[in-house]
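Novice: Below is the file coords27.cif, with mmCIF, C-alpha atoms.
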```cif
data_structure
#
loop_
_atom_site.label_atom_id
_atom_site.label_comp_id
_atom_site.auth_asym_id
_atom_site.auth_seq_id
_atom_site.Cartn_x
_atom_site.Cartn_y
_atom_site.Cartn_z
CA MET A 1 29.87 -60.38 50.44
CA LYS A 2 32.49 -57.65 50.37
CA SER A 3 30.10 -54.91 51.41
CA ASP A 4 28.94 -56.92 54.43
CA ARG A 5 32.42 -57.25 55.79
CA GLU A 6 33.22 -53.63 55.24
CA SER A 7 30.05 -52.37 56.86
CA ALA A 8 30.05 -54.39 60.05
CA PRO A 9 32.89 -56.89 60.39
CA MET A 10 31.23 -59.08 63.00
CA VAL A 11 27.65 -58.98 61.70
CA ALA A 12 26.75 -61.02 58.62
CA LEU A 13 23.62 -59.58 57.03
CA ASP A 14 21.85 -61.11 54.05
CA PHE A 15 21.73 -58.27 51.53
CA GLU A 16 21.45 -60.66 48.60
CA LYS A 17 17.72 -61.44 48.75
CA MET A 18 16.68 -57.91 47.88
CA GLY A 19 19.41 -56.52 45.67
CA GLY A 20 21.51 -54.93 48.40
CA LEU A 21 18.69 -53.81 50.66
CA ILE A 22 17.20 -55.14 53.90
CA PRO A 23 13.88 -53.99 55.36
CA ALA A 24 14.27 -52.19 58.68
CA ILE A 25 11.39 -51.87 61.13
CA VAL A 26 11.51 -48.82 63.36
CA GLN A 27 9.89 -49.15 66.76
CA ASP A 28 9.47 -46.49 69.45
CA GLU A 29 11.45 -47.83 72.37
CA ALA A 30 9.27 -46.20 75.02
CA SER A 31 5.76 -46.90 73.71
CA GLY A 32 6.45 -50.01 71.65
CA ASP A 33 4.62 -48.45 68.69
CA VAL A 34 5.84 -49.55 65.30
CA LEU A 35 6.64 -46.25 63.62
CA MET A 36 7.68 -47.10 60.07
CA LEU A 37 9.42 -49.47 57.74
CA ALA A 38 12.29 -48.42 55.51
CA TYR A 39 15.30 -50.03 53.86
CA MET A 40 18.99 -50.17 54.66
CA ASN A 41 21.93 -51.03 52.49
CA ALA A 42 25.27 -51.95 54.06
CA GLU A 43 26.30 -48.29 54.29
CA ALA A 44 23.05 -47.26 55.98
CA PHE A 45 23.37 -50.10 58.48
CA ARG A 46 26.90 -49.08 59.33
CA ALA A 47 25.91 -45.42 59.65
CA THR A 48 23.01 -46.35 61.94
CA LEU A 49 25.35 -48.23 64.28
CA ASP A 50 28.17 -45.69 64.04
CA THR A 51 26.22 -42.43 64.37
CA GLY A 52 23.32 -43.53 66.56
CA GLN A 53 20.91 -41.87 64.12
CA ALA A 54 18.64 -44.16 62.10
CA THR A 55 19.86 -44.01 58.52
CA PHE A 56 18.22 -45.64 55.52
CA PHE A 57 18.62 -46.00 51.79
CA SER A 58 15.90 -44.16 49.94
CA ARG A 59 14.62 -46.30 47.08
CA SER A 60 12.97 -43.33 45.38
CA ARG A 61 15.96 -40.99 45.66
CA GLN A 62 18.58 -43.79 45.45
CA LYS A 63 20.74 -42.34 48.19
CA LEU A 64 21.42 -42.48 51.92
CA TRP A 65 18.79 -40.82 54.02
CA VAL A 66 19.28 -39.77 57.64
CA LYS A 67 15.71 -39.93 58.91
CA GLY A 68 14.63 -36.54 60.25
CA LYS A 69 17.50 -34.58 58.77
CA THR A 70 15.05 -32.26 57.00
CA SER A 71 12.30 -32.13 59.61
CA GLY A 72 14.55 -32.29 62.67
CA HIS A 73 12.62 -35.39 63.72
CA LEU A 74 15.67 -37.64 64.06
CA GLN A 75 15.44 -41.18 65.33
CA LEU A 76 17.98 -41.76 68.09
CA VAL A 77 19.01 -45.41 68.08
CA LYS A 78 18.57 -47.28 71.34
CA ALA A 79 19.06 -50.84 70.09
CA VAL A 80 19.38 -52.74 66.82
CA TYR A 81 18.28 -56.34 66.29
CA LEU A 82 18.60 -58.83 63.44
CA ASP A 83 16.09 -61.54 62.77
CA CYS A 84 16.84 -65.26 62.61
CA ASP A 85 17.57 -65.20 58.87
CA ALA A 86 19.55 -61.95 59.05
CA ASP A 87 17.32 -60.52 56.34
CA ALA A 88 15.31 -58.10 58.47
CA ILE A 89 16.36 -55.43 60.96
CA LEU A 90 14.56 -53.99 63.97
CA VAL A 91 15.66 -50.59 65.24
CA LYS A 92 14.39 -49.34 68.57
CA VAL A 93 14.53 -45.57 68.73
CA GLU A 94 13.69 -42.42 70.57
CA GLN A 95 11.63 -40.45 68.09
CA VAL A 96 12.56 -36.77 68.26
CA GLY A 97 9.49 -34.58 67.82
CA GLY A 98 7.15 -37.45 68.59
CA ALA A 99 6.17 -38.27 65.04
CA ALA A 100 7.85 -40.49 62.47
CA CYS A 101 5.54 -40.07 59.51
CA HIS A 102 5.97 -37.31 56.95
CA THR A 103 2.19 -36.89 57.04
CA GLY A 104 2.47 -35.70 60.65
CA TYR A 105 1.16 -38.86 62.28
CA ARG A 106 3.14 -40.49 65.09
CA SER A 107 3.36 -43.74 63.15
CA CYS A 108 3.21 -44.36 59.42
CA PHE A 109 0.76 -47.16 60.25
CA PHE A 110 -2.16 -44.87 61.02
CA ARG A 111 -4.65 -46.54 58.68
CA ARG A 112 -6.42 -49.63 59.85
CA ALA A 113 -7.49 -52.08 57.17
CA SER A 114 -10.44 -54.41 57.28
CA ALA A 115 -12.83 -56.04 54.87
CA MET A 116 -14.78 -52.77 55.11
CA GLY A 117 -11.88 -50.64 53.88
CA LEU A 118 -9.52 -48.23 55.60
CA GLN A 119 -10.06 -46.21 58.73
CA ILE A 120 -7.70 -43.57 60.12
CA GLU A 121 -6.64 -44.05 63.73
CA GLY A 122 -4.87 -41.41 65.79
CA VAL A 123 -4.36 -37.72 65.20
CA PRO A 124 -1.49 -35.88 63.52
CA VAL A 125 1.30 -34.68 65.83
CA PHE A 126 2.49 -31.96 63.48
CA ASP A 127 1.39 -30.10 60.37
CA PRO A 128 3.61 -31.24 57.48
CA THR A 129 3.20 -27.91 55.70
CA GLU A 130 4.88 -26.25 58.68
CA VAL A 131 7.70 -28.80 59.05
CA TYR A 132 8.69 -29.29 55.39
CA LYS A 133 9.00 -25.79 53.97
CA MET B 134 -3.82 -53.47 39.51
CA LYS B 135 -6.26 -56.30 38.93
CA SER B 136 -4.96 -58.38 41.82
CA ASP B 137 -5.40 -55.47 44.26
CA ARG B 138 -9.04 -55.06 43.41
CA GLU B 139 -9.70 -58.76 43.65
CA SER B 140 -7.99 -59.13 46.99
CA ALA B 141 -9.51 -56.28 48.91
CA PRO B 142 -11.85 -54.08 46.93
CA MET B 143 -11.65 -51.03 49.16
CA VAL B 144 -7.94 -51.18 50.05
CA ALA B 145 -5.38 -50.09 47.46
CA LEU B 146 -2.03 -51.67 48.26
CA ASP B 147 1.17 -50.98 46.34
CA PHE B 148 2.34 -54.42 45.25
CA GLU B 149 4.33 -53.01 42.34
CA LYS B 150 7.47 -51.92 44.17
CA MET B 151 8.49 -55.43 45.10
CA GLY B 152 7.22 -57.65 42.31
CA GLY B 153 3.87 -58.51 43.88
CA LEU B 154 4.98 -58.66 47.50
CA ILE B 155 4.67 -56.29 50.45
CA PRO B 156 6.62 -56.66 53.70
CA ALA B 157 4.39 -57.39 56.69
CA ILE B 158 5.52 -56.70 60.23
CA VAL B 159 3.97 -58.93 62.88
CA GLN B 160 3.60 -57.46 66.34
CA ASP B 161 2.32 -59.13 69.50
CA GLU B 162 -0.78 -57.14 70.38
CA ALA B 163 -0.45 -57.70 74.13
CA SER B 164 3.27 -57.13 74.71
CA GLY B 165 4.04 -54.86 71.77
CA ASP B 166 7.00 -57.06 70.84
CA VAL B 167 7.82 -57.16 67.16
CA LEU B 168 7.75 -60.88 66.40
CA MET B 169 8.80 -61.22 62.78
CA LEU B 170 8.75 -59.82 59.29
CA ALA B 171 7.39 -61.76 56.33
CA TYR B 172 5.85 -60.98 52.94
CA MET B 173 2.31 -60.93 51.62
CA ASN B 174 1.03 -61.04 48.09
CA ALA B 175 -2.53 -59.98 47.33
CA GLU B 176 -3.85 -63.46 48.06
CA ALA B 177 -2.07 -63.66 51.43
CA PHE B 178 -3.38 -60.23 52.40
CA ARG B 179 -6.93 -61.24 51.54
CA ALA B 180 -6.57 -64.54 53.41
CA THR B 181 -5.24 -62.72 56.47
CA LEU B 182 -8.27 -60.43 56.56
CA ASP B 183 -10.77 -63.15 55.66
CA THR B 184 -9.57 -65.97 57.92
CA GLY B 185 -8.16 -64.03 60.85
CA GLN B 186 -4.99 -66.13 60.67
CA ALA B 187 -1.82 -64.36 59.55
CA THR B 188 -0.98 -65.69 56.11
CA PHE B 189 2.11 -64.90 54.07
CA PHE B 190 3.76 -65.73 50.78
CA SER B 191 6.88 -67.80 51.28
CA ARG B 192 9.64 -66.52 49.02
CA SER B 193 11.67 -69.70 49.42
CA ARG B 194 8.77 -72.09 48.78
CA GLN B 195 6.92 -69.74 46.43
CA LYS B 196 3.52 -70.47 47.91
CA LEU B 197 1.01 -69.28 50.48
CA TRP B 198 1.99 -69.99 54.04
CA VAL B 199 -0.40 -69.94 56.99
CA LYS B 200 1.97 -69.08 59.82
CA GLY B 201 1.90 -71.79 62.48
CA LYS B 202 0.06 -74.36 60.40
CA THR B 203 2.86 -76.88 60.98
CA SER B 204 3.82 -75.95 64.52
CA GLY B 205 0.33 -75.09 65.75
CA HIS B 206 1.67 -71.65 66.64
CA LEU B 207 -0.88 -69.72 64.65
CA GLN B 208 -1.05 -65.95 64.68
CA LEU B 209 -4.59 -64.78 65.38
CA VAL B 210 -5.14 -61.41 63.75
CA LYS B 211 -6.31 -58.59 65.99
CA ALA B 212 -5.76 -55.65 63.67
CA VAL B 213 -4.15 -54.85 60.33
CA TYR B 214 -2.62 -51.50 59.40
CA LEU B 215 -1.19 -50.03 56.20
CA ASP B 216 1.54 -47.44 56.16
CA CYS B 217 1.31 -44.03 54.52
CA ASP B 218 2.64 -45.27 51.18
CA ALA B 219 0.57 -48.48 51.27
CA ASP B 220 3.76 -50.45 50.70
CA ALA B 221 4.13 -51.94 54.18
CA ILE B 222 1.71 -53.82 56.42
CA LEU B 223 1.53 -54.11 60.20
CA VAL B 224 -0.37 -57.05 61.66
CA LYS B 225 -1.14 -57.12 65.37
CA VAL B 226 -1.68 -60.67 66.56
CA GLU B 227 -2.21 -63.02 69.43
CA GLN B 228 0.68 -65.46 69.10
CA VAL B 229 -0.53 -68.98 69.88
CA GLY B 230 2.12 -70.93 71.79
CA GLY B 231 3.94 -67.77 72.77
CA ALA B 232 6.70 -67.96 70.19
CA ALA B 233 6.81 -66.79 66.58
CA CYS B 234 10.30 -67.88 65.56
CA HIS B 235 11.02 -71.31 64.12
CA THR B 236 14.14 -71.34 66.32
CA GLY B 237 11.92 -71.39 69.42
CA TYR B 238 12.45 -67.78 70.44
CA ARG B 239 9.45 -65.57 71.16
CA SER B 240 10.56 -63.09 68.50
CA CYS B 241 12.69 -63.64 65.42
CA PHE B 242 14.57 -60.51 66.51
CA PHE B 243 16.44 -62.19 69.35
CA ARG B 244 19.93 -61.09 68.29
CA ARG B 245 21.10 -57.64 69.22
CA ALA B 246 23.62 -56.04 66.90
CA SER B 247 26.28 -53.52 67.81
CA ALA B 248 29.71 -52.49 66.64
CA MET B 249 30.95 -55.34 68.86
CA GLY B 250 28.96 -58.00 67.00
CA LEU B 251 25.84 -59.98 67.87
CA GLN B 252 24.47 -60.90 71.25
CA ILE B 253 21.52 -63.20 71.92
CA GLU B 254 18.76 -61.74 74.09
CA GLY B 255 15.95 -63.78 75.60
CA VAL B 256 15.51 -67.49 75.99
CA PRO B 257 13.79 -70.02 73.70
CA VAL B 258 10.12 -70.70 74.46
CA PHE B 259 10.09 -74.10 72.77
CA ASP B 260 12.48 -76.70 71.44
CA PRO B 261 12.22 -76.69 67.64
CA THR B 262 13.18 -80.37 67.43
CA GLU B 263 10.06 -81.18 69.44
CA VAL B 264 7.71 -78.90 67.48
CA TYR B 265 8.82 -79.61 63.90
CA LYS B 266 8.96 -83.41 63.66
#
```
Using structure tokens, write down the structure that the file contains.
Specialist:
Amino acid sequence: MKSDRESAPMVALDFEKMGGLIPAIVQDEASGDVLMLAYMNAEAFRATLDTGQATFFSRSRQKLWVKGKTSGHLQLVKAVYLDCDADAILVKVEQVGGAACHTGYRSCFFRRASAMGLQIEGVPVFDPTEVYK
Amino acid sequence: MKSDRESAPMVALDFEKMGGLIPAIVQDEASGDVLMLAYMNAEAFRATLDTGQATFFSRSRQKLWVKGKTSGHLQLVKAVYLDCDADAILVKVEQVGGAACHTGYRSCFFRRASAMGLQIEGVPVFDPTEVYK
């Protein structure tokens, strides 16, 4: 529990269930669109509150990740919520550049699933080959 | 990969990253409110698509869980989305009874976090002692 106390003295998060990580939902504050889901460790949670820029822990790179640092498409934090079990986080943001997904779509959830398969909804906001050079 | 093919032949989900589970965000289709986050295994994902009732895998009880089966507060599925990495699910629902959280709040994310601590936002929709008898 040491990391919890260090990261946010008055907020007890349950990092135990998932080996130090908690899933964080990112929602566009203005439109209500769910943009993405990523993971925070205690340090990322603290950085998100302290800096006002959504910060995650990258499972693939195993390090802190300020969303948009490479693309310029930062997520400016408007509000942070915890769920009833304190094992999920909701971050309401202003999405700089209008798109959260590295594929160029506004939301990472641009594929609709049904018994028939997947269907793409929406159009890309940017061309990833131009943004990630 | 066998379970993926069985559950939804034309949808390839990445159940490997989290030992057979994928986080599923539940969003109220009408209001856009994020209601809760739970987990699906392949069977829960299939049941959600097939029955039209949001179905999860309970990590604490280690079994399938039709949300609202006890309380009557079912979640009627309006649309299901996968994210770009196919390792997160977004379910848009009509929330029967108006509240998703077992505490009686509309959303499980009723506690706002800041450097100052936690603050409750919103009011309970139902009294849990009346609903869960």
Novice: Could you check how far CA of Tyr214 in chain B sits from CA of Ile158 in chain B, in Å to one decimal?
Specialist: 9.7 Å
Novice: Using the chain letters and numbering of this document, enumerate as number ranges by chain the residues selected by the PyMOL selection byres ((chain A) within 10 of (chain B)).
Specialist: A: 7-12, 17-18, 23-27, 31-38, 46, 48-50, 59, 79-91, 101-103, 105, 107-121
Novice: Report the distance between CA of Asp28 in chain A and CA of Gln228 in chain B in Å, rounded to one decimal place.
Specialist: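 We find that CA of Asp28 in chain A and CA of Gln228 in chain B lie 20.9 Å from each other.
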Novice: Report chain B as a compact mmCIF listing (two decimals) with C-alpha atoms, keeping the file's coordinate frame in the frame of chain A, after least-squares superposition over all C-alpha atoms paired in order.
Specialist:
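Written out: out_31.txt:
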```
# COMPACT_ATOMS: atom_id res chain seq x y z
CA MET B 134 29.87 -60.37 50.46
CA LYS B 135 32.49 -57.65 50.42
CA SER B 136 30.06 -54.92 51.42
CA ASP B 137 28.90 -56.90 54.47
CA ARG B 138 32.39 -57.23 55.82
CA GLU B 139 33.15 -53.59 55.24
CA SER B 140 29.99 -52.38 56.90
CA ALA B 141 30.02 -54.37 60.08
CA PRO B 142 32.85 -56.85 60.39
CA MET B 143 31.25 -59.09 62.99
CA VAL B 144 27.65 -59.00 61.71
CA ALA B 145 26.74 -61.04 58.64
CA LEU B 146 23.62 -59.60 57.05
CA ASP B 147 21.85 -61.11 54.05
CA PHE B 148 21.73 -58.28 51.53
CA GLU B 149 21.44 -60.67 48.60
CA LYS B 150 17.72 -61.43 48.74
CA MET B 151 16.68 -57.91 47.89
CA GLY B 152 19.41 -56.53 45.66
CA GLY B 153 21.51 -54.95 48.40
CA LEU B 154 18.68 -53.81 50.66
CA ILE B 155 17.20 -55.14 53.89
CA PRO B 156 13.88 -53.98 55.35
CA ALA B 157 14.27 -52.19 58.68
CA ILE B 158 11.40 -51.87 61.12
CA VAL B 159 11.52 -48.82 63.37
CA GLN B 160 9.90 -49.13 66.77
CA ASP B 161 9.48 -46.48 69.45
CA GLU B 162 11.47 -47.83 72.37
CA ALA B 163 9.28 -46.20 75.02
CA SER B 164 5.77 -46.89 73.71
CA GLY B 165 6.46 -50.00 71.65
CA ASP B 166 4.63 -48.45 68.70
CA VAL B 167 5.87 -49.54 65.30
CA LEU B 168 6.65 -46.23 63.61
CA MET B 169 7.68 -47.10 60.07
CA LEU B 170 9.43 -49.48 57.74
CA ALA B 171 12.30 -48.41 55.51
CA TYR B 172 15.31 -50.04 53.84
CA MET B 173 18.99 -50.17 54.66
CA ASN B 174 21.93 -51.02 52.48
CA ALA B 175 25.26 -51.95 54.06
CA GLU B 176 26.30 -48.31 54.28
CA ALA B 177 23.05 -47.25 55.97
CA PHE B 178 23.35 -50.10 58.47
CA ARG B 179 26.90 -49.09 59.33
CA ALA B 180 25.90 -45.43 59.64
CA THR B 181 23.02 -46.35 61.93
CA LEU B 182 25.34 -48.23 64.28
CA ASP B 183 28.17 -45.70 64.05
CA THR B 184 26.22 -42.44 64.37
CA GLY B 185 23.32 -43.52 66.55
CA GLN B 186 20.91 -41.86 64.12
CA ALA B 187 18.65 -44.16 62.10
CA THR B 188 19.85 -44.01 58.52
CA PHE B 189 18.23 -45.65 55.52
CA PHE B 190 18.63 -46.00 51.78
CA SER B 191 15.90 -44.16 49.92
CA ARG B 192 14.63 -46.30 47.07
CA SER B 193 12.98 -43.33 45.36
CA ARG B 194 15.98 -41.00 45.65
CA GLN B 195 18.57 -43.78 45.45
CA LYS B 196 20.75 -42.34 48.19
CA LEU B 197 21.43 -42.48 51.91
CA TRP B 198 18.80 -40.81 54.02
CA VAL B 199 19.28 -39.76 57.63
CA LYS B 200 15.71 -39.93 58.91
CA GLY B 201 14.62 -36.55 60.25
CA LYS B 202 17.49 -34.58 58.78
CA THR B 203 15.04 -32.25 57.02
CA SER B 204 12.29 -32.15 59.62
CA GLY B 205 14.53 -32.29 62.68
CA HIS B 206 12.63 -35.40 63.73
CA LEU B 207 15.66 -37.61 64.06
CA GLN B 208 15.46 -41.17 65.31
CA LEU B 209 17.99 -41.76 68.07
CA VAL B 210 19.01 -45.40 68.08
CA LYS B 211 18.58 -47.30 71.33
CA ALA B 212 19.07 -50.84 70.08
CA VAL B 213 19.38 -52.75 66.82
CA TYR B 214 18.28 -56.34 66.29
CA LEU B 215 18.61 -58.83 63.43
CA ASP B 216 16.09 -61.54 62.75
CA CYS B 217 16.84 -65.25 62.60
CA ASP B 218 17.57 -65.20 58.86
CA ALA B 219 19.56 -61.94 59.05
CA ASP B 220 17.32 -60.53 56.33
CA ALA B 221 15.32 -58.09 58.46
CA ILE B 222 16.37 -55.42 60.95
CA LEU B 223 14.57 -53.99 63.97
CA VAL B 224 15.68 -50.59 65.23
CA LYS B 225 14.40 -49.33 68.57
CA VAL B 226 14.54 -45.56 68.73
CA GLU B 227 13.70 -42.41 70.59
CA GLN B 228 11.64 -40.45 68.08
CA VAL B 229 12.56 -36.77 68.27
CA GLY B 230 9.49 -34.57 67.82
CA GLY B 231 7.16 -37.44 68.60
CA ALA B 232 6.18 -38.28 65.04
CA ALA B 233 7.87 -40.49 62.46
CA CYS B 234 5.54 -40.07 59.49
CA HIS B 235 5.99 -37.31 56.93
CA THR B 236 2.19 -36.89 57.05
CA GLY B 237 2.46 -35.71 60.66
CA TYR B 238 1.16 -38.88 62.29
CA ARG B 239 3.13 -40.49 65.10
CA SER B 240 3.36 -43.75 63.15
CA CYS B 241 3.22 -44.34 59.41
CA PHE B 242 0.78 -47.15 60.24
CA PHE B 243 -2.15 -44.86 61.02
CA ARG B 244 -4.65 -46.53 58.69
CA ARG B 245 -6.43 -49.63 59.86
CA ALA B 246 -7.49 -52.07 57.17
CA SER B 247 -10.45 -54.42 57.27
CA ALA B 248 -12.83 -56.05 54.85
CA MET B 249 -14.79 -52.79 55.12
CA GLY B 250 -11.90 -50.65 53.87
CA LEU B 251 -9.54 -48.23 55.60
CA GLN B 252 -10.06 -46.22 58.73
CA ILE B 253 -7.71 -43.57 60.11
CA GLU B 254 -6.63 -44.06 63.72
CA GLY B 255 -4.86 -41.42 65.78
CA VAL B 256 -4.36 -37.75 65.20
CA PRO B 257 -1.48 -35.88 63.51
CA VAL B 258 1.29 -34.69 65.83
CA PHE B 259 2.50 -31.97 63.47
CA ASP B 260 1.39 -30.11 60.38
CA PRO B 261 3.60 -31.25 57.49
CA THR B 262 3.22 -27.90 55.71
CA GLU B 263 4.89 -26.25 58.70
CA VAL B 264 7.70 -28.80 59.05
CA TYR B 265 8.70 -29.30 55.40
CA LYS B 266 9.04 -25.78 53.99
```
Novice: Near Lys67 in chain A, within 8 Å and counting only C-alpha atoms, which residues show up once chain neighbours fewer than 2 positions away are dropped, as a PyMOL selection string?
Specialist: chain A and resi 53-56+65+69-70+73-75
Novice: Work out how far CA of Ala233 in chain B is from CA of Glu29 in chain A, in Å to one decimal.
Specialist: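 According to the coordinates, CA of Glu29 in chain A and CA of Ala233 in chain B are separated by 20.4 Å.
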Novice: Where does the PyMOL selection byres ((chain A and resi 128) around 10) land in this file, that is, which residues does it pick, as a PyMOL selection string?
Specialist: chain A and resi 71+101-105+124-127+129-133
Novice: Could you give me, as a PyMOL selection string, the residues within 12 Å of Gln195 in chain B, counting all atoms listed in the file and dropping anything in the same chain fewer than 4 positions from it?
Specialist: chain B and resi 153-154+172-174+177+189-191
Novice: Which one of B:Glu176, B:Ala163, B:Gly255, B:Ile155 sits closest to Val210 in chain B if you count only C-alpha atoms?
Specialist: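 Selected residue with least distance to Val210 in chain B: B:Ala163.
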